[in-house]
Amino acid sequence: MQIILVGFMGVGKTTVGQLLAQQLGQPFVDLDYEFTMTMGATPGTYMHQFSEEQFRIAEYQILKKQLAKPNAVISSGGGIVTLPISRELMTDSNYFVVYLVSDFEVNIKRLIGDTNARPLVTKLSRNDLHHLWQMRQKHYHTVADLSIDTNGKTPTTIVEQIINKL
Ligand code: S3P
């Protein structure tokens with residue numbers, strides 16, 4: 001089965017995804033990395049060169065390509081829920097979508113301390129980021145088969161909780 005992790009930037013999708021894949025003995029796919037390998041530009045560079053809209057369409061295509069392969073744990077980009085076609089693709093019953101929930105404050109602290117500067121974090125004000133975070137909540141919930149509150153939990157605990165629900 002394909003497992004897709006969704007959630008806001010900095011929530012820990014990659015860390016949790018790698019550990020989950022390891023425990024399940026499945027390949028791990030980082031969608032941002034796949035994007036970079038396929039398009040020859042990081043999501044940030046691509047957005048800068050073209051537009052966020054074009055990035056979202058390309059991101060959808062990369063997701064679709066990955067979902068055509070069997071059995072993997074896929075860590076998605078935080079904005080994968082932006083396009084309705086990407087949301088529709090993920091709600092297909094063949095995939096198990098896990099929403100990693102976190103408080104905005106916890107998320108923001110992590111993002112600020114992260115050396116992997118994200119274009120939206122550097123571009124948007126704190127208020128705009130909060131607005132984006134709020135807007136995305138309903139979309140994450142729409143696509144999710146399971147929501148896990150990550151606040152104060154270690155990646156190991158989060159992975160255990162996911163495995164118990166599979
Ligand atoms: C984005 C999140 C990033 C990356 C891109 C856009 C977003 O992924 O796809 O910079 O819109 O939230 P992470 O969630 O892995 O940081």
# chains A, B, ... in the order shown; residues from 1 in each chain; ligands from 1
$ residues_near_ligand --ligand "ligand 1" --cutoff "9 Å" --atoms "only C-alpha atoms and all ligand atoms" --output "short mmCIF file (atom, residue, chain, number, x, y, z; two decimals) with N, CA and C atoms, in the first residue's frame"
data_model
loop_
_atom_site.label_atom_id
_atom_site.label_comp_id
_atom_site.auth_asym_id
_atom_site.auth_seq_id
_atom_site.Cartn_x
_atom_site.Cartn_y
_atom_site.Cartn_z
N VAL A 6 1.03 13.93 4.91
CA VAL A 6 0.76 15.33 4.60
C VAL A 6 0.84 16.15 5.89
N GLY A 7 1.02 17.44 5.72
CA GLY A 7 1.10 18.35 6.88
C GLY A 7 1.91 19.57 6.52
N PHE A 8 1.85 20.56 7.39
CA PHE A 8 2.51 21.84 7.10
C PHE A 8 4.04 21.68 7.08
N MET A 9 4.67 22.64 6.40
CA MET A 9 6.15 22.67 6.34
C MET A 9 6.71 22.58 7.77
N GLY A 10 7.74 21.79 7.93
CA GLY A 10 8.43 21.74 9.21
C GLY A 10 7.79 20.83 10.25
N VAL A 11 6.72 20.10 9.88
CA VAL A 11 6.06 19.24 10.87
C VAL A 11 6.83 17.94 11.11
N GLY A 12 7.71 17.59 10.18
CA GLY A 12 8.51 16.37 10.35
C GLY A 12 8.11 15.24 9.41
N LYS A 13 7.53 15.57 8.28
CA LYS A 13 7.07 14.54 7.34
C LYS A 13 8.23 13.65 6.86
N THR A 14 9.37 14.27 6.59
CA THR A 14 10.51 13.49 6.09
C THR A 14 11.07 12.58 7.17
N ASP A 30 10.68 10.98 -1.06
CA ASP A 30 10.49 12.37 -0.65
C ASP A 30 10.07 13.14 -1.91
N LEU A 31 8.87 13.64 -1.90
CA LEU A 31 8.32 14.26 -3.11
C LEU A 31 9.11 15.49 -3.56
N ASP A 32 9.59 16.29 -2.59
CA ASP A 32 10.40 17.47 -2.95
C ASP A 32 11.69 17.04 -3.66
N PHE A 35 10.84 15.80 -7.08
CA PHE A 35 10.57 16.97 -7.90
C PHE A 35 11.89 17.54 -8.44
N THR A 42 14.99 22.81 -7.61
CA THR A 42 14.30 22.58 -6.33
C THR A 42 12.93 23.26 -6.40
N PRO A 43 11.99 22.85 -5.54
CA PRO A 43 10.69 23.54 -5.53
C PRO A 43 10.86 25.06 -5.42
N GLY A 44 11.78 25.50 -4.58
CA GLY A 44 11.99 26.93 -4.40
C GLY A 44 12.46 27.63 -5.66
N MET A 47 9.66 27.63 -8.33
CA MET A 47 8.62 28.62 -8.04
C MET A 47 9.11 30.02 -8.40
N GLU A 52 4.05 29.89 -8.59
CA GLU A 52 3.57 28.86 -7.67
C GLU A 52 2.56 27.96 -8.40
N PHE A 55 4.33 25.46 -10.37
CA PHE A 55 4.94 24.50 -9.45
C PHE A 55 3.91 23.48 -9.00
N ARG A 56 2.71 23.94 -8.67
CA ARG A 56 1.65 23.03 -8.17
C ARG A 56 1.26 21.99 -9.21
N GLU A 59 4.06 19.54 -9.45
CA GLU A 59 4.07 18.75 -8.21
C GLU A 59 2.99 17.65 -8.29
N SER A 75 6.60 11.12 1.47
CA SER A 75 6.53 12.36 2.23
C SER A 75 6.25 13.47 1.22
N SER A 76 5.10 14.15 1.38
CA SER A 76 4.71 15.15 0.39
C SER A 76 5.20 16.54 0.79
N GLY A 77 5.09 17.49 -0.14
CA GLY A 77 5.38 18.89 0.18
C GLY A 77 4.16 19.47 0.90
N GLY A 78 4.39 20.42 1.79
CA GLY A 78 3.30 20.96 2.62
C GLY A 78 2.14 21.56 1.86
N GLY A 79 2.38 21.95 0.60
CA GLY A 79 1.31 22.58 -0.17
C GLY A 79 0.64 21.65 -1.16
N ILE A 80 0.88 20.35 -1.03
CA ILE A 80 0.33 19.38 -1.99
C ILE A 80 -1.20 19.42 -2.01
N VAL A 81 -1.81 19.89 -0.94
CA VAL A 81 -3.28 19.93 -0.87
C VAL A 81 -3.88 21.17 -1.54
N THR A 82 -3.02 22.02 -2.10
CA THR A 82 -3.50 23.28 -2.68
C THR A 82 -4.41 23.06 -3.89
N LEU A 111 10.57 25.88 11.82
CA LEU A 111 10.89 26.42 10.49
C LEU A 111 11.96 27.49 10.57
N ASN A 116 17.21 24.65 5.98
CA ASN A 116 16.63 24.41 4.65
C ASN A 116 15.55 25.47 4.39
N ALA A 117 15.99 26.68 4.03
CA ALA A 117 15.06 27.81 3.88
C ALA A 117 14.02 27.54 2.81
N ARG A 118 12.74 27.66 3.18
CA ARG A 118 11.67 27.43 2.21
C ARG A 118 11.24 28.76 1.61
N PRO A 119 10.95 28.77 0.31
CA PRO A 119 10.60 30.04 -0.35
C PRO A 119 9.42 30.74 0.31
N LEU A 120 8.41 29.95 0.73
CA LEU A 120 7.23 30.60 1.30
C LEU A 120 7.52 31.18 2.68
N VAL A 121 8.43 30.54 3.40
CA VAL A 121 8.76 31.03 4.74
C VAL A 121 9.53 32.34 4.66
N LEU A 132 -2.09 31.00 5.95
CA LEU A 132 -1.88 29.84 5.07
C LEU A 132 -2.09 28.55 5.85
N TRP A 133 -1.53 28.52 7.05
CA TRP A 133 -1.64 27.35 7.93
C TRP A 133 -3.12 27.06 8.22
#
$ residues_around --residues "A:Leu146" --least-positions-apart "4" --cutoff "9 Å" --atoms "only C-alpha atoms" --output "list in words"
Phe96, Val97, Val98, Tyr99, Leu100, His141, Ile162 and Lys165 of chain A
$ select_by_dssp --residues "stretch 13-131 of chain A" --states "alpha helix (DSSP H)" --output "JSON, numbers by chain"
{"A": [13, 14, 15, 16, 17, 18, 19, 20, 21, 22, 23, 24, 31, 32, 33, 34, 35, 36, 37, 38, 39, 43, 44, 45, 46, 47, 48, 49, 52, 53, 54, 55, 56, 57, 58, 59, 60, 61, 62, 63, 64, 65, 66, 67, 84, 85, 86, 87, 88, 89, 90, 104, 105, 106, 107, 108, 109, 110, 111, 112, 113, 119, 120, 121, 122, 123, 126, 127, 128, 129, 130, 131]}
$ residues_around --residues "A:Met90" --least-positions-apart "2" --cutoff "12 Å" --atoms "only C-alpha atoms" --output "ChimeraX atom specification"
/A:2-6,60,63-64,66-68,74,76,80-88,92-99,139-145
$ write_last_selection --atoms "C-alpha atoms" --output "mmCIF file, in the first residue's frame"
data_model
loop_
_atom_site.group_PDB
_atom_site.id
_atom_site.type_symbol
_atom_site.label_atom_id
_atom_site.label_comp_id
_atom_site.auth_asym_id
_atom_site.auth_seq_id
_atom_site.Cartn_x
_atom_site.Cartn_y
_atom_site.Cartn_z
ATOM 1 C CA GLN A 2 1.034 3.565 -0.650
ATOM 2 C CA ILE A 3 1.184 5.708 2.473
ATOM 3 C CA ILE A 4 1.231 9.480 1.961
ATOM 4 C CA LEU A 5 2.250 11.844 4.743
ATOM 5 C CA VAL A 6 0.758 15.328 4.598
ATOM 6 C CA TYR A 60 0.745 17.045 -9.007
ATOM 7 C CA LEU A 63 2.799 12.778 -7.160
ATOM 8 C CA LYS A 64 0.786 10.938 -9.802
ATOM 9 C CA GLN A 66 4.961 8.129 -7.696
ATOM 10 C CA LEU A 67 1.512 6.791 -6.888
ATOM 11 C CA ALA A 68 1.632 4.586 -9.962
ATOM 12 C CA ILE A 74 5.677 9.148 0.438
ATOM 13 C CA SER A 76 4.708 15.154 0.389
ATOM 14 C CA ILE A 80 0.331 19.384 -1.991
ATOM 15 C CA VAL A 81 -3.284 19.925 -0.874
ATOM 16 C CA THR A 82 -3.500 23.284 -2.683
ATOM 17 C CA LEU A 83 -4.786 21.951 -6.013
ATOM 18 C CA PRO A 84 -8.165 20.201 -6.084
ATOM 19 C CA ILE A 85 -6.796 17.609 -8.568
ATOM 20 C CA SER A 86 -4.046 16.653 -6.105
ATOM 21 C CA ARG A 87 -6.604 16.343 -3.293
ATOM 22 C CA GLU A 88 -8.823 14.174 -5.488
ATOM 23 C CA ASP A 92 -8.490 7.520 -3.822
ATOM 24 C CA SER A 93 -9.222 4.636 -1.470
ATOM 25 C CA ASN A 94 -6.070 2.791 -2.564
ATOM 26 C CA TYR A 95 -3.869 5.193 -0.624
ATOM 27 C CA PHE A 96 -3.554 5.694 3.108
ATOM 28 C CA VAL A 97 -3.069 9.368 3.884
ATOM 29 C CA VAL A 98 -1.712 10.424 7.273
ATOM 30 C CA TYR A 99 -2.007 14.022 8.401
ATOM 31 C CA HIS A 139 -7.701 20.430 3.131
ATOM 32 C CA TYR A 140 -5.376 18.225 5.175
ATOM 33 C CA HIS A 141 -8.426 16.893 7.042
ATOM 34 C CA THR A 142 -10.302 16.281 3.786
ATOM 35 C CA VAL A 143 -7.608 14.025 2.339
ATOM 36 C CA ALA A 144 -6.560 12.285 5.572
ATOM 37 C CA ASP A 145 -7.514 8.749 6.549
#
$ closest_residue --among "A:Thr45, A:Thr154, A:Ser102, A:Gln54" --to "A:Thr15" --atoms "only C-alpha atoms"
A:Thr154
